[in-house]
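*Asks:* Starting off with a structure, shown below.
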Amino acid sequence: VDPASFEFTRFNTTIFEIHDCDLVAQTSLSFLTGFTVLDSLRIVDTLNVASIATLPANTLTLLKELSIVRCTGLDTAAFPDLTPARLERLFLSGNALTDAAANSILISVGSSSSANTLVDFSLAANALTKVPRIASFSKLVSYDVSNNVIPFISQSALLFSSRVVSLNLTNIALTAIEGGAFSGDFTFAQVEVEGNKLTEFRADVFKSMLQQMAAQPAGSGGQVLVTGNPFDCGCPLAWLIRDNAFLIPSVKNGVCGGFFRFEDLNPDSYANCP
């Protein structure tokens, strides 16, 4: 790309998008150097994005959004030095990122000024097997790791410093969540755990966030969406159905035994449970 191509538009261009391209011959993004009000850079459905490592420092200083979606080459690319950046939105969905590649990117973001500005982060539809930890991002309120293969979430994996807006854990082949995995203010959050393989709806995982949600006026608090999980109807549900029925409205589409809705279960049937 000839930098002169944007001689008359670089002073008022706020969004720059690259779609359905092959950047194998574009070894540098230096043509973006002269842009003065660039807010968003979006690269979508594009091959060989290794040149992302060459993003000019002055461009990074301006950017609020960086989107690299359904591209190839990001998993092996050197992520740009984000030291001068103050990103608010980072979308890296569908790039076949492994755990190692994602962690490398998180180190780059976490060691920059973006650690204190990032509010929305997506790593959906990659090749992750673990939830990348996000505790260093003090302003993060929306986090999406859906459509990966993450069978287990460990304690303290999801620590939020700011009030959560959304957490998407949909379709990640999740079979177990360790107690204390979630920490933060989930009062108004949409927590999506749909389409997984959870058989237990555990108190040490969900009770705290549900109490925050249920403390709000009816219909105004957050929700935990659990559609499509094969929950067991046995005693592990007693904490909710028998002891904390007021929390049930904050659980959406909870079903056990294949077709028994949480809200239809009889608390008395759990009388002999510990």
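We label chains A, B, ... in the order they appear in the structure tokens, count residues from 1 in each chain, and number ligands from 1 in the order shown.
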Out of range 34-262 of chain A, which residues get helix (DSSP H, G or I) from DSSP, as a ChimeraX atom specification?

*Replies:* /A:50-54,57-62,99-110,113-116,203-214,235-241,245-250,262

*Asks:* May I have the selected residues written with C-alpha atoms, as an mmCIF file, in the first residue's frame?

*Replies:*
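Result saved to out_37.cif:
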```cif
data_model
loop_
_atom_site.group_PDB
_atom_site.id
_atom_site.type_symbol
_atom_site.label_atom_id
_atom_site.label_comp_id
_atom_site.auth_asym_id
_atom_site.auth_seq_id
_atom_site.Cartn_x
_atom_site.Cartn_y
_atom_site.Cartn_z
ATOM 1 C CA ALA A 50 2.110 -11.046 10.605
ATOM 2 C CA SER A 51 2.635 -7.415 9.617
ATOM 3 C CA ILE A 52 0.489 -6.462 12.620
ATOM 4 C CA ALA A 53 3.815 -6.398 14.487
ATOM 5 C CA THR A 54 4.752 -3.260 12.536
ATOM 6 C CA ALA A 57 3.709 3.792 17.588
ATOM 7 C CA ASN A 58 1.772 6.957 16.801
ATOM 8 C CA THR A 59 -1.092 4.851 15.423
ATOM 9 C CA LEU A 60 -1.190 2.747 18.584
ATOM 10 C CA THR A 61 -1.353 5.899 20.678
ATOM 11 C CA LEU A 62 -4.571 6.890 18.899
ATOM 12 C CA ASP A 99 -2.968 -20.981 24.980
ATOM 13 C CA ALA A 100 0.651 -19.948 24.473
ATOM 14 C CA ALA A 101 -0.176 -17.441 21.749
ATOM 15 C CA ALA A 102 -3.010 -15.913 23.773
ATOM 16 C CA ASN A 103 -0.852 -15.640 26.891
ATOM 17 C CA SER A 104 1.860 -13.900 24.894
ATOM 18 C CA ILE A 105 -0.691 -11.348 23.703
ATOM 19 C CA LEU A 106 -2.027 -10.870 27.233
ATOM 20 C CA ILE A 107 1.490 -10.153 28.482
ATOM 21 C CA SER A 108 1.885 -7.507 25.784
ATOM 22 C CA VAL A 109 -1.456 -5.902 26.631
ATOM 23 C CA GLY A 110 -1.021 -6.242 30.383
ATOM 24 C CA SER A 113 -1.156 1.404 29.413
ATOM 25 C CA SER A 114 -4.042 -0.643 28.007
ATOM 26 C CA ALA A 115 -4.053 -2.658 31.226
ATOM 27 C CA ASN A 116 -5.814 0.328 32.791
ATOM 28 C CA ALA A 203 -22.959 -23.111 45.558
ATOM 29 C CA ASP A 204 -19.237 -22.384 45.857
ATOM 30 C CA VAL A 205 -19.237 -21.333 42.196
ATOM 31 C CA PHE A 206 -22.512 -19.460 41.689
ATOM 32 C CA LYS A 207 -24.043 -18.482 45.048
ATOM 33 C CA SER A 208 -22.119 -15.260 45.579
ATOM 34 C CA MET A 209 -22.877 -13.800 42.153
ATOM 35 C CA LEU A 210 -26.536 -14.857 42.370
ATOM 36 C CA GLN A 211 -26.881 -13.096 45.728
ATOM 37 C CA GLN A 212 -25.581 -9.904 44.133
ATOM 38 C CA MET A 213 -28.060 -10.226 41.264
ATOM 39 C CA ALA A 214 -31.054 -11.141 43.427
ATOM 40 C CA CYS A 235 -28.836 -33.343 46.488
ATOM 41 C CA PRO A 236 -26.155 -31.020 45.077
ATOM 42 C CA LEU A 237 -29.070 -28.750 44.059
ATOM 43 C CA ALA A 238 -30.505 -28.582 47.591
ATOM 44 C CA TRP A 239 -28.589 -25.388 48.391
ATOM 45 C CA LEU A 240 -30.546 -23.628 45.645
ATOM 46 C CA ILE A 241 -33.956 -25.290 45.483
ATOM 47 C CA ALA A 245 -35.216 -20.380 46.333
ATOM 48 C CA PHE A 246 -35.142 -16.580 46.072
ATOM 49 C CA LEU A 247 -32.057 -16.938 43.855
ATOM 50 C CA ILE A 248 -33.778 -19.134 41.253
ATOM 51 C CA PRO A 249 -35.221 -16.227 39.165
ATOM 52 C CA SER A 250 -31.633 -15.098 38.493
ATOM 53 C CA PHE A 262 -35.330 -25.489 38.424
#
```

*Asks:* Compile the contact shell of Ser5 in chain A as a PyMOL selection string: residues with an atom at most 12 Å away, counting only C-alpha atoms, same-chain residues fewer than 3 positions apart removed.

*Replies:* chain A and resi 1-2+8-10+31-32+34-35

*Asks:* Please, could you write that set of residues out with N, CA, C and O atoms as a compact mmCIF listing (two decimals), in the first residue's frame?

*Replies:*
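Here's the written file again00.txt:
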```
# COMPACT_ATOMS: atom_id res chain seq x y z
N VAL A 1 0.84 -1.18 0.00
CA VAL A 1 0.00 0.00 0.00
C VAL A 1 0.89 1.24 0.00
O VAL A 1 1.78 1.38 0.84
N ASP A 2 0.64 2.11 -0.92
CA ASP A 2 1.40 3.36 -1.01
C ASP A 2 0.84 4.36 0.01
O ASP A 2 -0.35 4.70 -0.03
N PHE A 8 -5.03 12.65 1.47
CA PHE A 8 -6.09 13.61 1.71
C PHE A 8 -7.19 13.09 2.64
O PHE A 8 -8.14 13.80 2.93
N THR A 9 -7.05 11.85 3.10
CA THR A 9 -8.08 11.29 3.98
C THR A 9 -7.56 10.97 5.39
O THR A 9 -8.35 10.73 6.29
N ARG A 10 -6.24 11.01 5.55
CA ARG A 10 -5.67 10.57 6.83
C ARG A 10 -5.97 11.53 7.98
O ARG A 10 -5.81 11.16 9.14
N PHE A 31 2.17 2.56 6.44
CA PHE A 31 1.32 3.51 5.71
C PHE A 31 0.28 4.16 6.63
O PHE A 31 -0.34 5.16 6.27
N LEU A 32 0.10 3.61 7.84
CA LEU A 32 -0.84 4.19 8.80
C LEU A 32 -0.22 5.31 9.64
O LEU A 32 -0.92 5.95 10.43
N GLY A 34 0.67 8.36 9.15
CA GLY A 34 0.19 9.73 9.05
C GLY A 34 -1.23 9.98 9.49
O GLY A 34 -1.71 11.11 9.46
N PHE A 35 -1.94 8.92 9.92
CA PHE A 35 -3.32 9.10 10.35
C PHE A 35 -3.34 9.81 11.71
O PHE A 35 -2.63 9.41 12.64
```

*Asks:* So, counting only C-alpha atoms, which residue among A:Leu55, A:Val224, A:Ala157, A:Val44 is closest to Phe91 in chain A?

*Replies:*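 Closest residue, counting only C-alpha atoms: A:Val44.
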
*Asks:* I want to know what sits within 10 Å of range 175-183 of chain A, based on only C-alpha atoms, with residues of the same chain fewer than 2 positions away left out; could you give that as a VMD selection string?

*Replies:* chain A and resid 135 150 to 161 164 172 to 173 185 to 186 196 to 206 208 to 209 229 to 230

*Asks:* Keeping only N, CA and C atoms, write the selected residues to a file as a compact mmCIF listing (two decimals), in the first residue's frame.

*Replies:*
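Saved result, part09.txt, follows:
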```txt
# COMPACT_ATOMS: atom_id res chain seq x y z
N ALA A 135 -6.89 -10.66 35.57
CA ALA A 135 -6.90 -9.85 36.79
C ALA A 135 -6.14 -8.54 36.64
N ILE A 150 -12.57 -25.56 26.63
CA ILE A 150 -12.00 -25.29 27.95
C ILE A 150 -12.78 -26.12 28.97
N PRO A 151 -12.40 -27.37 29.20
CA PRO A 151 -13.21 -28.26 30.04
C PRO A 151 -13.22 -27.90 31.53
N PHE A 152 -12.24 -27.13 31.99
CA PHE A 152 -12.13 -26.85 33.43
C PHE A 152 -11.72 -25.40 33.67
N ILE A 153 -12.38 -24.76 34.63
CA ILE A 153 -12.01 -23.41 35.03
C ILE A 153 -11.58 -23.46 36.49
N SER A 154 -10.37 -23.02 36.75
CA SER A 154 -9.78 -23.16 38.08
C SER A 154 -10.10 -21.98 38.99
N GLN A 155 -9.80 -22.15 40.24
CA GLN A 155 -10.03 -21.12 41.25
C GLN A 155 -9.31 -19.83 40.86
N SER A 156 -10.00 -18.70 41.05
CA SER A 156 -9.44 -17.36 40.80
C SER A 156 -9.10 -17.10 39.34
N ALA A 157 -9.66 -17.90 38.43
CA ALA A 157 -9.35 -17.71 37.01
C ALA A 157 -9.99 -16.44 36.45
N LEU A 158 -11.12 -16.03 37.05
CA LEU A 158 -11.87 -14.90 36.49
C LEU A 158 -12.10 -13.86 37.59
N LEU A 159 -11.10 -13.01 37.77
CA LEU A 159 -11.15 -11.97 38.79
C LEU A 159 -11.36 -10.62 38.10
N PHE A 160 -12.46 -9.96 38.43
CA PHE A 160 -12.79 -8.67 37.83
C PHE A 160 -12.68 -7.57 38.89
N SER A 161 -12.04 -6.47 38.51
CA SER A 161 -11.92 -5.32 39.41
C SER A 161 -13.03 -4.32 39.24
N VAL A 164 -18.96 -6.07 36.38
CA VAL A 164 -19.03 -6.89 35.17
C VAL A 164 -20.31 -6.59 34.39
N ILE A 172 -18.00 -24.14 25.44
CA ILE A 172 -16.56 -24.36 25.63
C ILE A 172 -16.27 -25.77 26.16
N ALA A 173 -17.25 -26.68 26.04
CA ALA A 173 -17.09 -28.06 26.50
C ALA A 173 -16.76 -28.12 27.99
N ASP A 185 -17.87 -7.92 41.02
CA ASP A 185 -19.22 -7.40 41.14
C ASP A 185 -20.03 -7.84 39.92
N PHE A 186 -20.91 -8.82 40.11
CA PHE A 186 -21.73 -9.37 39.03
C PHE A 186 -23.19 -8.91 39.14
N ASN A 196 -22.88 -26.20 27.59
CA ASN A 196 -21.73 -26.90 28.15
C ASN A 196 -22.12 -28.27 28.70
N LYS A 197 -21.23 -28.86 29.52
CA LYS A 197 -21.44 -30.22 30.01
C LYS A 197 -21.45 -30.28 31.53
N LEU A 198 -21.89 -29.19 32.16
CA LEU A 198 -21.93 -29.15 33.62
C LEU A 198 -23.04 -30.04 34.16
N THR A 199 -22.72 -30.89 35.12
CA THR A 199 -23.72 -31.74 35.75
C THR A 199 -24.08 -31.24 37.15
N GLU A 200 -23.27 -30.34 37.72
CA GLU A 200 -23.54 -29.77 39.03
C GLU A 200 -23.61 -28.25 38.95
N PHE A 201 -24.61 -27.70 39.61
CA PHE A 201 -24.74 -26.25 39.75
C PHE A 201 -24.36 -25.93 41.19
N ARG A 202 -23.10 -25.61 41.39
CA ARG A 202 -22.51 -25.60 42.73
C ARG A 202 -22.63 -24.25 43.44
N ALA A 203 -22.85 -24.32 44.74
CA ALA A 203 -22.96 -23.11 45.56
C ALA A 203 -21.64 -22.35 45.61
N ASP A 204 -20.52 -23.07 45.72
CA ASP A 204 -19.24 -22.38 45.86
C ASP A 204 -18.78 -21.74 44.55
N VAL A 205 -19.53 -21.97 43.48
CA VAL A 205 -19.24 -21.33 42.20
C VAL A 205 -20.19 -20.17 41.94
N PHE A 206 -21.50 -20.42 42.15
CA PHE A 206 -22.51 -19.46 41.69
C PHE A 206 -23.23 -18.67 42.78
N SER A 208 -22.49 -16.65 45.31
CA SER A 208 -22.12 -15.26 45.58
C SER A 208 -22.64 -14.32 44.50
N MET A 209 -22.42 -14.68 43.23
CA MET A 209 -22.88 -13.80 42.15
C MET A 209 -24.40 -13.74 42.10
N ASN A 229 -27.18 -27.42 29.68
CA ASN A 229 -26.27 -28.20 30.53
C ASN A 229 -27.03 -29.38 31.15
N PRO A 230 -26.41 -30.55 31.23
CA PRO A 230 -27.10 -31.75 31.74
C PRO A 230 -27.04 -31.87 33.26
```

*Asks:* Counting only C-alpha atoms, figure out which residue out of A:Ala78, A:Leu167, A:Leu97, A:Cys233 gets nearest to Asn126 in chain A.

*Replies:*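 Of A:Ala78, A:Leu167, A:Leu97, A:Cys233, the one nearest Asn126 in chain A, counting only C-alpha atoms, is A:Leu97.
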
*Asks:* Give me, please, the distance in Å between CA of Phe231 in chain A and CA of Ser269 in chain A, quoted to one decimal.

*Replies:*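 Those two atoms sit 16.5 Å apart.
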
*Asks:* Of the residues A:Ile43, A:Val69, A:Ala125, A:Val141, which is the one nearest to Asn171 in chain A, using only C-alpha atoms?

*Replies:*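 Distance minimum relative to Asn171 in chain A lands on A:Ala125.
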
*Asks:* Which residues, written as a list in words, have at least one atom at most 9 Å from Asn168 in chain A, with only C-alpha atoms counted and residues fewer than 5 positions away on the same chain left out?

*Replies:*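 After dropping sequence-adjacent residues, the list is Ala124, Ser142, Tyr143, Asp144, Val145, Ser146, Gln190, Val191, Glu192, Val193 and Glu194 of chain A.
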
*Asks:* Take the residues that were just selected and, keeping N, CA, C and O atoms, output them as a short mmCIF file (atom, residue, chain, number, x, y, z; two decimals), in the first residue's frame.

*Replies:*
```
data_model
loop_
_atom_site.label_atom_id
_atom_site.label_comp_id
_atom_site.auth_asym_id
_atom_site.auth_seq_id
_atom_site.Cartn_x
_atom_site.Cartn_y
_atom_site.Cartn_z
N ALA A 124 -12.94 -15.29 21.58
CA ALA A 124 -13.88 -16.33 21.18
C ALA A 124 -13.38 -17.10 19.97
O ALA A 124 -12.63 -16.58 19.13
N SER A 142 -16.29 -6.69 30.09
CA SER A 142 -16.85 -7.68 29.17
C SER A 142 -15.74 -8.59 28.66
O SER A 142 -14.74 -8.11 28.12
N TYR A 143 -15.95 -9.91 28.82
CA TYR A 143 -14.91 -10.88 28.46
C TYR A 143 -15.59 -12.07 27.80
O TYR A 143 -16.56 -12.62 28.31
N ASP A 144 -15.08 -12.47 26.63
CA ASP A 144 -15.70 -13.51 25.83
C ASP A 144 -14.66 -14.55 25.43
O ASP A 144 -13.71 -14.25 24.71
N VAL A 145 -14.83 -15.78 25.93
CA VAL A 145 -13.97 -16.89 25.50
C VAL A 145 -14.84 -18.03 24.96
O VAL A 145 -14.44 -19.20 25.00
N SER A 146 -16.02 -17.70 24.47
CA SER A 146 -16.94 -18.72 23.95
C SER A 146 -16.35 -19.46 22.76
O SER A 146 -15.43 -18.99 22.09
N GLN A 190 -24.48 -10.28 32.64
CA GLN A 190 -25.01 -11.41 31.90
C GLN A 190 -23.89 -12.45 31.85
O GLN A 190 -22.88 -12.25 31.16
N VAL A 191 -24.06 -13.52 32.60
CA VAL A 191 -23.05 -14.58 32.65
C VAL A 191 -23.59 -15.77 31.87
O VAL A 191 -24.55 -16.43 32.28
N GLU A 192 -22.99 -16.04 30.73
CA GLU A 192 -23.48 -17.07 29.82
C GLU A 192 -22.62 -18.33 29.95
O GLU A 192 -21.43 -18.31 29.66
N VAL A 193 -23.27 -19.40 30.42
CA VAL A 193 -22.58 -20.68 30.57
C VAL A 193 -23.36 -21.74 29.78
O VAL A 193 -23.46 -22.90 30.18
N GLU A 194 -23.92 -21.34 28.68
CA GLU A 194 -24.82 -22.19 27.92
C GLU A 194 -24.06 -23.19 27.04
O GLU A 194 -22.92 -22.98 26.66
#
```

*Asks:* Using only C-alpha atoms, can you tell me which of A:Ala85, A:Cys273, A:Ala77, A:Leu174 comes closest to Val226 in chain A?

*Replies:*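 Closest to Val226 in chain A, using only C-alpha atoms: A:Leu174.
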